[in-house]
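So this block is protein_6.tsv, TSV, C-alpha atoms:
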chain	number	residue	atom	x	y	z
K	1	MET	CA	0.00	0.00	0.00
K	2	GLN	CA	2.80	2.39	0.87
K	3	THR	CA	4.25	2.18	-2.62
K	4	LEU	CA	0.86	3.05	-4.07
K	5	TYR	CA	0.57	6.11	-1.81
K	6	LEU	CA	4.00	7.38	-2.77
K	7	ALA	CA	3.44	6.71	-6.47
K	8	LEU	CA	0.13	8.57	-6.39
K	9	ALA	CA	1.73	11.49	-4.54
K	10	LEU	CA	4.40	11.65	-7.24
K	11	PHE	CA	1.73	11.52	-9.94
K	12	LEU	CA	-0.12	14.42	-8.36
K	13	LEU	CA	3.13	16.39	-8.13
K	14	LEU	CA	3.64	15.87	-11.87
K	15	ASN	CA	0.07	17.14	-12.36
K	16	LEU	CA	1.08	20.25	-10.44
K	17	CYS	CA	4.07	20.78	-12.72
K	18	ALA	CA	1.80	20.53	-15.76
K	19	GLY	CA	-0.58	23.03	-14.21
K	20	MET	CA	2.26	25.56	-13.94
K	21	TRP	CA	1.82	26.14	-17.66
K	22	ARG	CA	-1.56	27.74	-17.05
K	23	ILE	CA	-0.10	30.02	-14.39
K	24	LEU	CA	2.66	31.17	-16.72
K	25	ARG	CA	0.45	31.58	-19.72
K	26	GLY	CA	-3.15	32.16	-18.54
K	27	PRO	CA	-4.50	35.12	-20.47
K	28	SER	CA	-6.47	36.67	-17.63
K	29	ILE	CA	-5.58	36.87	-13.97
K	30	ALA	CA	-8.66	34.80	-13.11
K	31	ASP	CA	-7.17	31.86	-15.01
K	32	ARG	CA	-4.06	32.04	-12.85
K	33	MET	CA	-6.22	32.10	-9.75
K	34	LEU	CA	-8.08	29.01	-10.94
K	35	ALA	CA	-4.79	27.20	-11.41
K	36	GLY	CA	-3.85	28.30	-7.90
K	37	GLN	CA	-7.05	26.79	-6.56
K	38	LEU	CA	-6.30	23.50	-8.28
K	39	PHE	CA	-2.82	23.57	-6.74
K	40	GLY	CA	-4.37	24.02	-3.32
K	41	THR	CA	-6.63	21.02	-3.71
K	42	THR	CA	-3.83	18.90	-5.13
K	43	ALA	CA	-1.62	19.89	-2.22
K	44	VAL	CA	-4.31	18.71	0.19
K	45	ALA	CA	-4.47	15.35	-1.59
K	46	ILE	CA	-0.66	15.01	-1.61
K	47	LEU	CA	-0.45	15.81	2.09
K	48	LEU	CA	-3.12	13.25	2.95
K	49	LEU	CA	-1.35	10.59	0.90
K	50	LEU	CA	1.97	11.38	2.57
K	51	ALA	CA	0.35	11.34	6.00
K	52	GLU	CA	-0.87	7.82	5.30
K	53	ALA	CA	2.41	6.69	3.72
K	54	THR	CA	4.74	7.98	6.41
K	55	GLU	CA	2.29	7.42	9.28
K	56	SER	CA	2.57	10.97	10.52
K	57	PRO	CA	-0.93	12.15	11.39
K	58	ALA	CA	0.26	15.73	11.90
K	59	MET	CA	0.24	16.16	8.14
K	60	ARG	CA	-3.52	15.77	8.19
K	61	ASP	CA	-3.73	18.95	10.23
K	62	VAL	CA	-1.57	20.72	7.66
K	63	ALA	CA	-3.99	19.55	4.98
K	64	LEU	CA	-6.87	20.90	7.06
K	65	VAL	CA	-5.19	24.30	7.20
K	66	PHE	CA	-4.63	24.23	3.43
K	67	ALA	CA	-8.31	23.49	2.88
K	68	LEU	CA	-9.29	26.38	5.13
K	69	LEU	CA	-6.90	28.81	3.48
K	70	ALA	CA	-8.08	27.90	-0.04
K	71	ALA	CA	-11.49	29.41	0.63
K	72	VAL	CA	-10.03	32.56	2.19
K	73	THR	CA	-7.58	33.10	-0.69
K	74	ALA	CA	-10.23	33.01	-3.36
K	75	VAL	CA	-12.60	35.32	-1.52
K	76	ALA	CA	-9.75	37.77	-0.90
K	77	PHE	CA	-8.82	37.58	-4.56
K	78	VAL	CA	-12.33	38.33	-5.82
K	79	GLN	CA	-12.97	41.09	-3.29
K	80	ARG	CA	-9.61	42.85	-3.26
K	81	ALA	CA	-7.03	41.81	-5.79
K	82	TRP	CA	-8.99	41.59	-9.02
K	83	PRO	CA	-8.35	44.81	-10.93
K	84	ASP	CA	-10.96	46.37	-13.22
K	85	MET	CA	-8.63	46.66	-16.16
K	86	GLU	CA	-9.21	43.47	-18.07
K	87	GLU	CA	-12.10	44.74	-20.14
K	88	GLY	CA	-10.44	44.54	-23.50
K	89	ASN	CA	-7.28	42.50	-23.30
K	90	ASP	CA	-8.52	39.02	-22.66
K	91	ASN	CA	-10.36	37.98	-25.78
K	92	ASP	CA	-7.95	35.20	-26.59
E	1	MET	CA	-8.45	-6.88	5.10
E	2	THR	CA	-7.21	-7.52	1.61
E	3	MET	CA	-10.69	-6.82	0.23
E	4	ILE	CA	-10.53	-3.36	1.83
E	5	ASN	CA	-7.12	-2.85	0.26
E	6	TYR	CA	-8.47	-3.61	-3.20
E	7	LEU	CA	-11.41	-1.27	-2.68
E	8	SER	CA	-9.29	1.61	-1.49
E	9	THR	CA	-6.76	1.09	-4.29
E	10	THR	CA	-9.59	1.40	-6.79
E	11	LEU	CA	-10.90	4.54	-5.14
E	12	LEU	CA	-7.45	6.13	-4.95
E	13	ILE	CA	-6.69	5.47	-8.60
E	14	GLY	CA	-10.12	6.78	-9.58
E	15	GLY	CA	-9.38	9.98	-7.68
E	16	ALA	CA	-6.01	10.33	-9.42
E	17	ILE	CA	-7.76	9.99	-12.80
E	18	PHE	CA	-10.10	12.82	-11.89
E	19	PHE	CA	-7.15	15.00	-10.86
E	20	LEU	CA	-5.52	14.28	-14.21
E	21	ALA	CA	-8.76	15.19	-16.00
E	22	GLY	CA	-9.00	18.42	-14.04
E	23	THR	CA	-5.44	19.42	-14.91
E	24	LEU	CA	-5.90	18.56	-18.57
E	25	GLY	CA	-9.15	20.54	-18.64
E	26	LEU	CA	-7.45	23.52	-17.04
E	27	LEU	CA	-4.77	23.37	-19.70
E	28	ARG	CA	-6.97	22.72	-22.72
E	29	PHE	CA	-10.30	24.51	-22.21
E	30	PRO	CA	-10.73	27.84	-23.98
E	31	ASP	CA	-12.00	30.36	-21.38
E	32	VAL	CA	-12.51	31.02	-17.67
E	33	TYR	CA	-15.98	29.55	-17.44
E	34	THR	CA	-15.09	26.22	-19.03
E	35	ARG	CA	-11.91	26.01	-16.95
E	36	LEU	CA	-14.03	26.51	-13.86
E	37	HIS	CA	-15.95	23.41	-14.88
E	38	ALA	CA	-12.74	21.37	-15.09
E	39	LEU	CA	-11.49	22.71	-11.76
E	40	THR	CA	-14.60	21.76	-9.81
E	41	LYS	CA	-14.43	18.19	-11.11
E	42	ALA	CA	-10.94	17.77	-9.68
E	43	ASP	CA	-11.91	19.49	-6.42
E	44	ASN	CA	-15.08	17.62	-5.65
E	45	LEU	CA	-14.79	14.20	-7.24
E	46	GLY	CA	-11.03	13.73	-7.34
E	47	LEU	CA	-10.47	14.68	-3.74
E	48	GLY	CA	-13.69	12.94	-2.70
E	49	LEU	CA	-12.61	9.60	-4.15
E	50	MET	CA	-9.10	9.98	-2.72
E	51	ILE	CA	-10.46	10.77	0.72
E	52	SER	CA	-12.90	7.86	0.73
E	53	GLY	CA	-10.04	5.59	-0.32
E	54	LEU	CA	-7.86	6.90	2.49
E	55	ALA	CA	-10.66	6.82	5.06
E	56	LEU	CA	-11.02	3.08	4.49
E	57	GLN	CA	-7.42	2.72	5.66
E	58	ALA	CA	-7.69	5.07	8.64
E	59	ASP	CA	-6.82	3.58	12.03
E	60	THR	CA	-9.35	5.36	14.20
E	61	TRP	CA	-12.76	6.88	13.65
E	62	ALA	CA	-11.33	10.27	14.59
E	63	ALA	CA	-8.89	10.14	11.68
E	64	ALA	CA	-11.67	9.19	9.26
E	65	GLY	CA	-13.80	12.01	10.62
E	66	LYS	CA	-11.01	14.48	10.08
E	67	LEU	CA	-10.64	13.31	6.48
E	68	LEU	CA	-14.37	13.79	5.98
E	69	LEU	CA	-14.15	17.27	7.51
E	70	ILE	CA	-11.35	18.21	5.11
E	71	TRP	CA	-13.45	17.07	2.17
E	72	LEU	CA	-16.47	19.05	3.34
E	73	LEU	CA	-14.30	22.17	3.74
E	74	VAL	CA	-12.92	21.79	0.23
E	75	LEU	CA	-16.45	21.27	-1.12
E	76	LEU	CA	-17.61	24.45	0.57
E	77	ALA	CA	-14.59	26.39	-0.69
E	78	GLY	CA	-14.98	25.01	-4.22
E	79	ALA	CA	-18.65	25.91	-4.46
E	80	SER	CA	-18.18	29.45	-3.22
E	81	VAL	CA	-15.06	30.00	-5.35
E	82	ALA	CA	-16.77	28.80	-8.53
E	83	HIS	CA	-19.70	31.10	-7.92
E	84	LEU	CA	-17.59	34.13	-6.99
E	85	ILE	CA	-15.17	33.84	-9.88
E	86	ALA	CA	-17.86	33.19	-12.50
E	87	ASN	CA	-19.89	36.12	-11.20
E	88	GLY	CA	-16.88	38.41	-11.11
E	89	ALA	CA	-15.77	37.40	-14.59
E	90	LEU	CA	-19.22	38.13	-15.99
E	91	ARG	CA	-19.36	41.54	-14.32
E	92	LYS	CA	-15.88	42.44	-15.49
E	93	GLY	CA	-16.92	41.72	-19.04
E	94	ILE	CA	-14.88	38.61	-19.82
E	95	ARG	CA	-16.61	37.25	-22.84
E	96	ILE	CA	-18.11	33.78	-22.95
E	97	TRP	CA	-16.35	31.57	-25.44
E	98	LYS	CA	-18.21	30.84	-28.65
E	99	ARG	CA	-16.97	28.50	-31.30
Go through the file and emit its structure as structure tokens.
Amino acid sequence: MQTLYLALALFLLLNLCAGMWRILRGPSIADRMLAGQLFGTTAVAILLLLAEATESPAMRDVALVFALLAAVTAVAFVQRAWPDMEEGNDND
Amino acid sequence: MTMINYLSTTLLIGGAIFFLAGTLGLLRFPDVYTRLHALTKADNLGLGLMISGLALQADTWAAAGKLLLIWLLVLLAGASVAHLIANGALRKGIRIWKR
């Protein structure tokens, strides 16, 4: 089972690396934020897998904090950090 | 015991497939709204399957409950994020993709 956990964690990390492309490229800032959200969820999954693989239950608490922060980040982004200037420049 | 192992292996691999689909959708879909669709699949189903696979292996009920709590938090976050970002994108005039 432990091999499976580690292999799946590695697979999810590779997914993260592929998702970087959207952060680099994403035409509007909302696309980058969406990629960031996916990274947050993937990080939660990786942490849970590692907690099970290495038998360190403290990592579950870290995953809990990540899940909490994901909601706060997105709300802060929509309320505060989304500028009004992308009217014309995002028709890709 | 080994039956539970098979079941949780299946669930874990199913979750990984949904994460892959979410990443591919995020990379390949044409605009914010369609990418939102891909993202919520990875959030809800991918993590949900992974967590149910891991909860089968949990030692105590408390650990399984914590896993369930994490999933519910991510569900809540995903729903509100999808709504907020789609609403904001519409109001800021990001155009909906047409073929």
With all atoms listed in the file as the basis for distance, which of E:Ile17, E:Tyr33, E:Thr23, E:Asp59 is at the shortest distance from chain K?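 Among the listed residues, the smallest separation from chain K belongs to E:Thr23.
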Chain K contacts to chain E at 8 Å (only C-alpha atoms) as a PyMOL selection string: chain K and resi 1+4+8+11-12+15-16+18-19+21-22+30-31+34-35+37-38+41-42+45+48-49+52+60+63-64+67-68+70-71+74-75+78+84+86-87+90-91
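Here atom CA of E:Phe18 is placed at a distance of 21.6 Å from atom CA of K:Gly26.
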To one decimal place in Å, what is the distance between atom CA of K:Asp61 and atom CA of E:Thr60?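 Computing it gives 15.2 Å between the two atoms.
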So the first atom is atom CA of K:Ile23 and the second is atom CA of K:Val62; what is the distance between them in Å, to one decimal place?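 Atom CA of K:Val62 lies 24.0 Å from atom CA of K:Ile23.
Take the candidates K:Met33, K:Ala81, K:Ala53, K:Phe39 and check each one against K:Leu6 using only C-alpha atoms; the shortest distance goes to K:Ala53.
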Given 5 Å on each side, where is the centre and what are the edge lengths in Å to one decimal of the axis-aligned box enclosing the listed atoms of stretch 30-41 of chain K, as lines of an AutoDock Vina configuration file?
center_x = -5.7
center_y = 27.9
center_z = -9.2
size_x = 15.8
size_y = 23.8
size_z = 21.7
Could you give me stretch 54-89 of chain K completed to N, CA and C atoms, formatted as an mmCIF file, in the coordinates of the input?
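As a result, part.cif now contains:
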data_model
loop_
_atom_site.group_PDB
_atom_site.id
_atom_site.type_symbol
_atom_site.label_atom_id
_atom_site.label_comp_id
_atom_site.auth_asym_id
_atom_site.auth_seq_id
_atom_site.Cartn_x
_atom_site.Cartn_y
_atom_site.Cartn_z
ATOM 1 N N THR K 54 3.671 7.885 5.415
ATOM 2 C CA THR K 54 4.740 7.980 6.410
ATOM 3 C C THR K 54 4.211 7.861 7.830
ATOM 4 N N GLU K 55 2.899 7.600 7.980
ATOM 5 C CA GLU K 55 2.290 7.420 9.280
ATOM 6 C C GLU K 55 2.558 8.578 10.205
ATOM 7 N N SER K 56 2.417 9.790 9.677
ATOM 8 C CA SER K 56 2.570 10.970 10.520
ATOM 9 C C SER K 56 1.270 11.757 10.462
ATOM 10 N N PRO K 57 0.416 11.545 11.460
ATOM 11 C CA PRO K 57 -0.930 12.150 11.390
ATOM 12 C C PRO K 57 -0.914 13.666 11.472
ATOM 13 N N ALA K 58 0.223 14.271 11.830
ATOM 14 C CA ALA K 58 0.260 15.730 11.900
ATOM 15 C C ALA K 58 0.037 16.352 10.535
ATOM 16 N N MET K 59 0.417 15.603 9.479
ATOM 17 C CA MET K 59 0.240 16.160 8.140
ATOM 18 C C MET K 59 -1.215 16.347 7.793
ATOM 19 N N ARG K 60 -2.091 15.577 8.447
ATOM 20 C CA ARG K 60 -3.520 15.770 8.190
ATOM 21 C C ARG K 60 -3.966 17.150 8.655
ATOM 22 N N ASP K 61 -3.372 17.607 9.760
ATOM 23 C CA ASP K 61 -3.730 18.950 10.230
ATOM 24 C C ASP K 61 -3.251 20.009 9.252
ATOM 25 N N VAL K 62 -2.058 19.773 8.662
ATOM 26 C CA VAL K 62 -1.570 20.720 7.660
ATOM 27 C C VAL K 62 -2.536 20.764 6.485
ATOM 28 N N ALA K 63 -3.036 19.590 6.084
ATOM 29 C CA ALA K 63 -3.990 19.550 4.980
ATOM 30 C C ALA K 63 -5.264 20.294 5.349
ATOM 31 N N LEU K 64 -5.670 20.181 6.593
ATOM 32 C CA LEU K 64 -6.870 20.900 7.060
ATOM 33 C C LEU K 64 -6.663 22.402 6.929
ATOM 34 N N VAL K 65 -5.479 22.871 7.309
ATOM 35 C CA VAL K 65 -5.190 24.300 7.200
ATOM 36 C C VAL K 65 -5.194 24.736 5.742
ATOM 37 N N PHE K 66 -4.626 23.905 4.870
ATOM 38 C CA PHE K 66 -4.630 24.230 3.430
ATOM 39 C C PHE K 66 -6.051 24.371 2.928
ATOM 40 N N ALA K 67 -6.920 23.440 3.353
ATOM 41 C CA ALA K 67 -8.310 23.490 2.880
ATOM 42 C C ALA K 67 -8.995 24.741 3.376
ATOM 43 N N LEU K 68 -8.698 25.149 4.612
ATOM 44 C CA LEU K 68 -9.290 26.380 5.130
ATOM 45 C C LEU K 68 -8.798 27.589 4.365
ATOM 46 N N LEU K 69 -7.484 27.625 4.116
ATOM 47 C CA LEU K 69 -6.900 28.810 3.480
ATOM 48 C C LEU K 69 -7.355 28.951 2.037
ATOM 49 N N ALA K 70 -7.675 27.821 1.370
ATOM 50 C CA ALA K 70 -8.080 27.900 -0.040
ATOM 51 C C ALA K 70 -9.307 28.777 -0.186
ATOM 52 N N ALA K 71 -10.276 28.606 0.719
ATOM 53 C CA ALA K 71 -11.490 29.410 0.630
ATOM 54 C C ALA K 71 -11.157 30.890 0.844
ATOM 55 N N VAL K 72 -10.340 31.164 1.869
ATOM 56 C CA VAL K 72 -10.030 32.560 2.190
ATOM 57 C C VAL K 72 -9.301 33.235 1.034
ATOM 58 N N THR K 73 -8.351 32.508 0.415
ATOM 59 C CA THR K 73 -7.580 33.100 -0.690
ATOM 60 C C THR K 73 -8.486 33.561 -1.810
ATOM 61 N N ALA K 74 -9.414 32.681 -2.199
ATOM 62 C CA ALA K 74 -10.230 33.010 -3.360
ATOM 63 C C ALA K 74 -11.154 34.176 -3.059
ATOM 64 N N VAL K 75 -11.719 34.205 -1.859
ATOM 65 C CA VAL K 75 -12.600 35.320 -1.520
ATOM 66 C C VAL K 75 -11.800 36.625 -1.493
ATOM 67 N N ALA K 76 -10.590 36.572 -0.922
ATOM 68 C CA ALA K 76 -9.750 37.770 -0.900
ATOM 69 C C ALA K 76 -9.409 38.210 -2.307
ATOM 70 N N PHE K 77 -9.149 37.239 -3.182
ATOM 71 C CA PHE K 77 -8.820 37.580 -4.560
ATOM 72 C C PHE K 77 -9.973 38.302 -5.237
ATOM 73 N N VAL K 78 -11.188 37.736 -5.121
ATOM 74 C CA VAL K 78 -12.330 38.330 -5.820
ATOM 75 C C VAL K 78 -12.656 39.696 -5.237
ATOM 76 N N GLN K 79 -12.566 39.823 -3.905
ATOM 77 C CA GLN K 79 -12.970 41.090 -3.290
ATOM 78 C C GLN K 79 -11.926 42.175 -3.454
ATOM 79 N N ARG K 80 -10.640 41.822 -3.389
ATOM 80 C CA ARG K 80 -9.610 42.850 -3.260
ATOM 81 C C ARG K 80 -8.670 42.938 -4.448
ATOM 82 N N ALA K 81 -8.205 41.784 -4.917
ATOM 83 C CA ALA K 81 -7.030 41.810 -5.790
ATOM 84 C C ALA K 81 -7.354 41.667 -7.255
ATOM 85 N N TRP K 82 -8.638 41.766 -7.611
ATOM 86 C CA TRP K 82 -8.990 41.590 -9.020
ATOM 87 C C TRP K 82 -9.188 42.968 -9.635
ATOM 88 N N PRO K 83 -8.237 43.446 -10.410
ATOM 89 C CA PRO K 83 -8.350 44.810 -10.930
ATOM 90 C C PRO K 83 -9.425 44.915 -12.008
ATOM 91 N N ASP K 84 -9.872 46.156 -12.259
ATOM 92 C CA ASP K 84 -10.960 46.370 -13.220
ATOM 93 C C ASP K 84 -10.443 46.601 -14.626
ATOM 94 N N MET K 85 -9.228 46.223 -14.904
ATOM 95 C CA MET K 85 -8.630 46.660 -16.160
ATOM 96 C C MET K 85 -8.660 45.604 -17.233
ATOM 97 N N GLU K 86 -9.297 44.469 -17.013
ATOM 98 C CA GLU K 86 -9.210 43.470 -18.070
ATOM 99 C C GLU K 86 -10.453 43.460 -18.947
ATOM 100 N N GLU K 87 -10.944 44.648 -19.262
ATOM 101 C CA GLU K 87 -12.100 44.740 -20.140
ATOM 102 C C GLU K 87 -11.756 44.261 -21.540
ATOM 103 N N GLY K 88 -10.664 44.779 -22.080
ATOM 104 C CA GLY K 88 -10.440 44.540 -23.500
ATOM 105 C C GLY K 88 -9.375 43.534 -23.832
ATOM 106 N N ASN K 89 -8.493 43.204 -22.896
ATOM 107 C CA ASN K 89 -7.280 42.500 -23.300
ATOM 108 C C ASN K 89 -7.335 41.004 -23.096
#
